[in-house]
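Accompanying notes for the structure given below.
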Amino acid sequence: MALGTVVSRATGLIRQVLQGAALGTGLLATTYNTANTVPTSLYTLLIGGALNSVLVPQLVRARATHPDGGRAYEQRLVTLVVSVLAVGTALAVWAAPQIVSVYLRDTPGQHEAYELTVVFARFLLPQIFFYGLFNMYGQVLNARERFGAMMWTPVLNNVVLLGMFGAYLSLLTVPERVADITGAQVRLLGIGTTAGIAVQALALIPFARAAGFRLRPRFDWRGSGLGSGVHAAKWTLLFVLTNLVALTVVTNYANAADQALPDAGAGYTAYTYAQTIWMLPQSVVTVSLVTALLPRMSRAVAEGRIADLRADLSRGLRVSGVVIVPAAFLFLALGPRIATLLFAHGAADAASAQPLGHMLQAFGLGLIPFSAQYLLLRGFHAFGDTRTPFFLAVWIAAVNITLATACHLLLPVRWAVTGMAGAYTVSCLAGLALTARLVRRRVGGRLDDGALRRTYTRLMCAAAVAAAAGWAADRACGEALGGGTLPTAAAVTAGTLTLGLVHLGVARLLKVEELRELRRLR
């Protein structure tokens, strides 16, 4: 799973670098990225959150307790999800202008940007259906403990997008402003992006068939037991809605920065690129662990083995921390240099990449509480408790919105969105503090005898020393070699290797036992 995720994220990073070269980090890129955010958000609101957090544990229980091994329940569930997705996608395409207006204001000065975003949205909103199909089939496979395909098929999407952005860059003239883009270029970007998600989703069907699942639509939902899932999903829907409210507020503020400074690279596109890079370690390590642990934790709860649940949560946090903690300090130490290496090409230059690097630094240390809270929430989901995660989401969103609003109102436009990245870090820390307290209550005590606290203390001490060494190595190389892509790559490599080696050395001196456990898992 981790290998598939690594390949997927690596090709995704290459795709994002190519996208940055094609569209830049200013207002033109923001029209595309805002439109491309909408289908993901609406899919999650329609069914995504409930599918991952509620319905997978119920699938596991149905397979364990139903006389037919949960086959009928599975067929009804897939039929219900596909039906909801089809109707929701059609309505979303019809209401594209109204949906876009939630994320981007239609002002007289930037009316062209709004109109272009609506056009992009009409091409991209069909992704809702394919996102749902991909995740539904993926969860059917996960319930059978077939995890690999869901981790590998996103590579196909990235290959399609790499070809699309490569074709876009090969055009004789690549537009730099909203007014310059042609209808043919819009169609290439819109159809190509949706085609990538479609290929990713449809590629899972053969794997599901090989695992013994063939969809036979069943509409006899009444009295089938789906009602309990729908009831539990109401809290997940509220959870998702809360997160979307916070996302919408931040997106509006960040788009306002792009509209005020269309060529500065200090708005929504830079924020999303920085956040995507920041989440890479969590996507590879924590998500892979959670994918494997959630069915196991759900079985432990169903069988009354709460001690095993506590052990799984503690082990997952400690093992993931071995990678997450140094990665967080890496972003803090080398953020601007990483941004320059990845995004100072094509339609963007070194100056427009710097705000992105500062945002990556501001996100930096927030990776630690973000990853830990993500894993701890699955402890509630294993109990079928979706109510508590909703109230936690309200708390995190309230902190994030309050701080983001303060940044929008009080900071200069150039630094406002960087401040919002820092606000997100603070909200993650506040969320983890409350989540940890509630998890202890839910599982009847601490997760372990203090091993978790000791491990993270040692990891953070090691990472802080390593980050200082990595920053010094990066700075020395940068001053010695000067500017340019190759010198920048050399400086980032020197800083990263130094940070990694020093972290490993100090962690071994501090006797971080999870280093050996991570090697065994690999």
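By convention in this document, the chains of the structure tokens carry letters A, B, ... by their order, each chain's residues are numbered from 1, and ligands are numbered from 1 in the order they are shown.
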
Give me, as an NGL selection string, all polymer residues having an atom no more than 7 Å from segment 423-428 of chain A, counting only C-alpha atoms and skipping those fewer than 3 positions away in the same chain. :A and (363 or 366 or 369-370 or 396 or 399-400 or 403-404 or 419-420 or 431-432)

Can you tell me which residues surround segment 246-253 of chain A at a distance of at most 8 Å, considering only C-alpha atoms, apart from same-chain residues fewer than 2 positions away, and format the answer as a ChimeraX atom specification? /A:102-105,242-244,255-257,268,397-398,400-401,404-405,408,417,420

Do a neighbour search on Gly196 of chain A at 7 Å with only C-alpha atoms, toss out local chain neighbours closer than 3 positions, and write the hits as JSON, numbers by chain. {"A": [157, 160, 161, 192, 193, 199, 200]}

Written file, previous selection with N, CA and C atoms, as a compact mmCIF listing (two decimals), in the first residue's frame:
# COMPACT_ATOMS: atom_id res chain seq x y z
N ASN A 157 -4.48 8.19 -13.34
CA ASN A 157 -4.97 9.57 -13.43
C ASN A 157 -3.82 10.54 -13.64
N VAL A 160 -2.53 10.45 -17.21
CA VAL A 160 -3.41 11.19 -18.12
C VAL A 160 -3.17 12.69 -17.99
N LEU A 161 -3.06 13.17 -16.75
CA LEU A 161 -2.87 14.61 -16.54
C LEU A 161 -1.49 15.07 -16.99
N GLY A 192 -9.64 16.77 -20.30
CA GLY A 192 -8.51 15.94 -19.89
C GLY A 192 -8.51 15.66 -18.40
N THR A 193 -8.83 16.67 -17.58
CA THR A 193 -8.83 16.47 -16.13
C THR A 193 -9.91 15.48 -15.71
N VAL A 199 -10.70 7.37 -15.77
CA VAL A 199 -9.81 6.22 -15.96
C VAL A 199 -9.44 5.61 -14.61
N GLN A 200 -9.14 6.45 -13.63
CA GLN A 200 -8.79 5.98 -12.29
C GLN A 200 -9.91 5.15 -11.69

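In this comparison, which uses only C-alpha atoms, the residue of A:Leu45, A:Val287, A:Ala274, A:Arg315 approaching Gly422 of chain A most closely is A:Ala274.
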
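Of the listed residues A:Val394, A:Asp474, A:Leu124, A:Ala72, the one whose atoms come nearest to Thr40 of chain A is A:Leu124, with distances taken using only C-alpha atoms.
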
Report as CSV: every residue of segment 75-147 of chain A with an atom at most 9 Å from segment 169-189 of chain A, its closest pair of atoms, and their distance in Å to one decimal, counting only C-alpha atoms, with rows sorted by chain and ascending residue number.
residue,atom,partner,partner_atom,distance
A:Glu112,CA,A:Val178,CA,6.9
A:Ala113,CA,A:Val178,CA,6.2
A:Leu116,CA,A:Val178,CA,7.6
A:Val119,CA,A:Val186,CA,8.0
A:Phe120,CA,A:Val186,CA,6.9
A:Phe123,CA,A:Arg187,CA,7.7

What does the file look like for those residues with N, CA, C and O atoms, as a PDB file, in the first residue's frame?
ATOM      1  N   GLU A 112     -14.237  38.382 -15.889  1.00  0.00           N
ATOM      2  CA  GLU A 112     -13.698  37.370 -16.798  1.00  0.00           C
ATOM      3  C   GLU A 112     -13.210  36.140 -16.040  1.00  0.00           C
ATOM      4  O   GLU A 112     -13.395  35.004 -16.484  1.00  0.00           O
ATOM      5  N   ALA A 113     -12.582  36.373 -14.883  1.00  0.00           N
ATOM      6  CA  ALA A 113     -12.095  35.247 -14.074  1.00  0.00           C
ATOM      7  C   ALA A 113     -13.261  34.405 -13.565  1.00  0.00           C
ATOM      8  O   ALA A 113     -13.198  33.163 -13.563  1.00  0.00           O
ATOM      9  N   LEU A 116     -14.700  32.367 -16.517  1.00  0.00           N
ATOM     10  CA  LEU A 116     -13.817  31.261 -16.882  1.00  0.00           C
ATOM     11  C   LEU A 116     -13.916  30.135 -15.860  1.00  0.00           C
ATOM     12  O   LEU A 116     -13.909  28.948 -16.221  1.00  0.00           O
ATOM     13  N   VAL A 119     -16.986  28.091 -16.611  1.00  0.00           N
ATOM     14  CA  VAL A 119     -16.790  27.204 -17.765  1.00  0.00           C
ATOM     15  C   VAL A 119     -15.967  25.989 -17.366  1.00  0.00           C
ATOM     16  O   VAL A 119     -16.301  24.845 -17.708  1.00  0.00           O
ATOM     17  N   PHE A 120     -14.879  26.226 -16.640  1.00  0.00           N
ATOM     18  CA  PHE A 120     -14.086  25.098 -16.150  1.00  0.00           C
ATOM     19  C   PHE A 120     -14.945  24.162 -15.290  1.00  0.00           C
ATOM     20  O   PHE A 120     -14.859  22.931 -15.399  1.00  0.00           O
ATOM     21  N   PHE A 123     -17.049  21.556 -17.086  1.00  0.00           N
ATOM     22  CA  PHE A 123     -16.262  20.419 -17.566  1.00  0.00           C
ATOM     23  C   PHE A 123     -15.835  19.495 -16.419  1.00  0.00           C
ATOM     24  O   PHE A 123     -15.736  18.277 -16.599  1.00  0.00           O
TER      25      PHE A 123
END

Counting only C-alpha atoms, give me one row per residue of segment 395-436 of chain A with an atom at most 12 Å from an atom of segment 258-263 of chain A, showing the shortest contact pair and its distance in Å to one decimal, sorted by chain then residue number, as CSV.
residue,atom,partner,partner_atom,distance
A:Pro412,CA,A:Ala260,CA,10.9
A:Val413,CA,A:Ala260,CA,7.6
A:Arg414,CA,A:Leu261,CA,7.9
A:Trp415,CA,A:Leu261,CA,11.3
A:Ala416,CA,A:Asp258,CA,10.9
A:Val417,CA,A:Asp258,CA,9.8

Just give me the gap between atom CA of Ala121 of chain A and atom CA of Asp106 of chain A in Å, one decimal is fine.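 Taking atom CA of Ala121 of chain A and atom CA of Asp106 of chain A, their separation equals 14.8 Å.
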
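Between Arg146 of chain A and the candidates A:Leu125, A:Ala96, A:Thr30, A:Ala292, the tightest atom-to-atom separation, counting only C-alpha atoms, involves A:Ala292.
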
Tell me, as a list in words, which residues lie within 8 Å of Ala29 of chain A, counting only C-alpha atoms; anything in the same chain fewer than 4 positions away does not count. Gly20, Leu23, Gly24, Thr25, Asn33 and Thr269 of chain A

Using DSSP on the backbone coordinates, identify the residues of segment 182-391 of chain A assigned to helix (DSSP H, G or I); present them as a PyMOL selection string. chain A and resi 183-202+204-210+226-260+268-302+306-343+350-382+387-391

Fewer than 4 positions away in the same chain doesn't count, so skip those; otherwise give me all residues within 7 Å of Thr194 of chain A, counting only C-alpha atoms, as JSON, numbers by chain. {"A": [124, 126, 127, 190, 198]}

Please save N, CA and C atoms of the selected residues as an mmCIF file, in the first residue's frame.
data_model
loop_
_atom_site.group_PDB
_atom_site.id
_atom_site.type_symbol
_atom_site.label_atom_id
_atom_site.label_comp_id
_atom_site.auth_asym_id
_atom_site.auth_seq_id
_atom_site.Cartn_x
_atom_site.Cartn_y
_atom_site.Cartn_z
ATOM 1 N N LEU A 124 -15.574 20.057 -15.249
ATOM 2 C CA LEU A 124 -14.952 19.306 -14.163
ATOM 3 C C LEU A 124 -15.950 18.692 -13.186
ATOM 4 N N PRO A 126 -18.495 16.678 -13.564
ATOM 5 C CA PRO A 126 -18.750 15.231 -13.698
ATOM 6 C C PRO A 126 -17.770 14.355 -12.929
ATOM 7 N N GLN A 127 -16.668 14.920 -12.482
ATOM 8 C CA GLN A 127 -15.745 14.154 -11.642
ATOM 9 C C GLN A 127 -16.424 13.638 -10.376
ATOM 10 N N GLY A 190 -10.254 20.977 -19.325
ATOM 11 C CA GLY A 190 -11.462 20.472 -18.674
ATOM 12 C C GLY A 190 -11.724 19.011 -18.967
ATOM 13 N N ALA A 198 -11.919 9.580 -14.490
ATOM 14 C CA ALA A 198 -12.729 8.481 -15.024
ATOM 15 C C ALA A 198 -11.890 7.222 -15.213
#

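Distances from A:Pro295, A:Gly470, A:Pro67, A:Pro39 to Ile99 of chain A were compared using only C-alpha atoms, and the smallest one belongs to A:Pro39.
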
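Using only C-alpha atoms for every distance, the candidate list A:Ser298, A:Gln282, A:Thr34, A:Thr402 yields A:Gln282 as the residue closest to Ala372 of chain A.
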
Env of segment 374-385 of chain A: 9 Å cut, atoms = only C-alpha atoms, seq-sep filter 5 positions within chain, self excluded. Answer as a PyMOL selection string. chain A and resi 53-54+57-58+232+235+286-287+289-290+293-302+309-310+313+316-317+369+432+435-436+439+442-443

Excluding same-chain residues fewer than 2 positions from segment 464-468 of chain A, what lies within 8 Å of it counting only C-alpha atoms, as JSON, numbers by chain? {"A": [326, 329, 330, 332, 333, 460, 461, 462, 470, 471, 472, 498, 499, 500, 501, 502, 503]}

Residues as selected, all heavy atoms, written as a tab-separated table (two decimals), in the first residue's frame, can you do that?
chain	number	residue	atom	x	y	z
A	326	PRO	N	9.98	14.42	11.27
A	326	PRO	CA	11.07	15.06	10.50
A	326	PRO	C	10.58	15.73	9.22
A	326	PRO	O	11.14	16.75	8.79
A	326	PRO	CB	12.01	13.89	10.18
A	326	PRO	CG	11.21	12.65	10.35
A	326	PRO	CD	10.22	12.97	11.42
A	329	PHE	N	9.47	19.26	10.11
A	329	PHE	CA	10.61	20.16	10.31
A	329	PHE	C	11.34	20.45	9.00
A	329	PHE	O	11.93	21.52	8.83
A	329	PHE	CB	11.57	19.56	11.35
A	329	PHE	CG	11.14	19.81	12.77
A	329	PHE	CD1	10.26	18.95	13.41
A	329	PHE	CD2	11.61	20.92	13.46
A	329	PHE	CE1	9.86	19.18	14.72
A	329	PHE	CE2	11.21	21.16	14.77
A	329	PHE	CZ	10.33	20.29	15.40
A	330	LEU	N	11.30	19.50	8.05
A	330	LEU	CA	11.88	19.74	6.74
A	330	LEU	C	11.17	20.90	6.04
A	330	LEU	O	11.82	21.79	5.47
A	330	LEU	CB	11.78	18.47	5.88
A	330	LEU	CG	12.18	18.61	4.41
A	330	LEU	CD1	13.69	18.86	4.29
A	330	LEU	CD2	11.78	17.38	3.61
A	332	LEU	N	9.53	23.30	7.43
A	332	LEU	CA	9.84	24.53	8.15
A	332	LEU	C	11.21	25.07	7.76
A	332	LEU	O	11.39	26.28	7.56
A	332	LEU	CB	9.79	24.27	9.66
A	332	LEU	CG	10.14	25.45	10.58
A	332	LEU	CD1	9.11	26.56	10.43
A	332	LEU	CD2	10.23	25.00	12.03
A	333	ALA	N	12.19	24.18	7.60
A	333	ALA	CA	13.56	24.60	7.34
A	333	ALA	C	13.78	25.00	5.88
A	333	ALA	O	14.51	25.96	5.59
A	333	ALA	CB	14.53	23.48	7.73
A	460	MET	N	10.85	14.83	18.26
A	460	MET	CA	10.86	16.28	18.03
A	460	MET	C	12.20	16.89	18.41
A	460	MET	O	12.68	17.81	17.73
A	460	MET	CB	9.71	16.94	18.79
A	460	MET	CG	8.35	16.56	18.24
A	460	MET	SD	6.96	17.47	18.92
A	460	MET	CE	7.21	19.08	18.20
A	461	CYS	N	12.85	16.39	19.45
A	461	CYS	CA	14.19	16.87	19.78
A	461	CYS	C	15.16	16.55	18.65
A	461	CYS	O	15.96	17.40	18.23
A	461	CYS	CB	14.67	16.23	21.08
A	461	CYS	SG	13.82	16.84	22.56
A	462	ALA	N	15.09	15.32	18.15
A	462	ALA	CA	15.97	14.92	17.05
A	462	ALA	C	15.70	15.74	15.80
A	462	ALA	O	16.64	16.18	15.11
A	462	ALA	CB	15.80	13.42	16.76
A	470	GLY	N	20.08	20.89	8.58
A	470	GLY	CA	19.63	20.90	7.19
A	470	GLY	C	19.53	22.30	6.63
A	470	GLY	O	19.91	22.54	5.47
A	471	TRP	N	19.03	23.23	7.43
A	471	TRP	CA	18.93	24.63	6.99
A	471	TRP	C	20.32	25.20	6.71
A	471	TRP	O	20.54	25.89	5.71
A	471	TRP	CB	18.24	25.46	8.05
A	471	TRP	CG	18.17	26.92	7.73
A	471	TRP	CD1	17.25	27.56	6.95
A	471	TRP	CD2	19.09	27.94	8.17
A	471	TRP	NE1	17.53	28.90	6.87
A	471	TRP	CE2	18.65	29.16	7.60
A	471	TRP	CE3	20.22	27.93	8.97
A	471	TRP	CZ2	19.33	30.36	7.84
A	471	TRP	CZ3	20.90	29.12	9.20
A	471	TRP	CH2	20.44	30.32	8.65
A	472	ALA	N	21.30	24.90	7.59
A	472	ALA	CA	22.65	25.40	7.40
A	472	ALA	C	23.28	24.83	6.13
A	472	ALA	O	23.95	25.55	5.36
A	472	ALA	CB	23.51	25.05	8.61
A	498	THR	N	21.12	16.05	4.78
A	498	THR	CA	21.69	16.40	6.08
A	498	THR	C	20.65	16.26	7.18
A	498	THR	O	20.91	15.67	8.24
A	498	THR	CB	22.23	17.84	6.06
A	498	THR	OG1	23.24	17.96	5.05
A	498	THR	CG2	22.82	18.22	7.42
A	499	LEU	N	19.47	16.80	6.91
A	499	LEU	CA	18.40	16.70	7.90
A	499	LEU	C	18.07	15.24	8.20
A	499	LEU	O	17.94	14.84	9.37
A	499	LEU	CB	17.16	17.45	7.41
A	499	LEU	CG	16.00	17.60	8.39
A	499	LEU	CD1	15.22	18.89	8.10
A	499	LEU	CD2	15.02	16.43	8.30
A	500	GLY	N	17.94	14.43	7.14
A	500	GLY	CA	17.57	13.03	7.34
A	500	GLY	C	18.62	12.25	8.12
A	500	GLY	O	18.30	11.50	9.05
A	501	LEU	N	19.90	12.44	7.75
A	501	LEU	CA	20.97	11.68	8.41
A	501	LEU	C	21.14	12.11	9.87
A	501	LEU	O	21.32	11.28	10.76
A	501	LEU	CB	22.27	11.87	7.64
A	501	LEU	CG	22.32	11.22	6.25
A	501	LEU	CD1	23.59	11.60	5.51
A	501	LEU	CD2	22.20	9.69	6.37
A	502	VAL	N	21.09	13.43	10.10
A	502	VAL	CA	21.22	13.91	11.49
A	502	VAL	C	20.04	13.43	12.33
A	502	VAL	O	20.21	13.01	13.48
A	502	VAL	CB	21.33	15.45	11.51
A	502	VAL	CG1	21.26	15.97	12.95
A	502	VAL	CG2	22.63	15.90	10.86
A	503	HIS	N	18.85	13.47	11.73
A	503	HIS	CA	17.67	13.00	12.48
A	503	HIS	C	17.82	11.53	12.85
A	503	HIS	O	17.54	11.14	14.01
A	503	HIS	CB	16.41	13.20	11.65
A	503	HIS	CG	15.17	12.68	12.32
A	503	HIS	ND1	14.56	13.31	13.37
A	503	HIS	CD2	14.45	11.55	12.08
A	503	HIS	CE1	13.51	12.62	13.76
A	503	HIS	NE2	13.42	11.55	12.99

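Nearest residue to Gly163 of chain A among A:Leu18, A:Leu515, A:Arg458, A:Pro355 is A:Leu18, counting only C-alpha atoms.
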
Calculate how many Å separate atom CA of Phe129 of chain A from atom CA of Tyr43 of chain A, rounding to one decimal. 7.6 Å
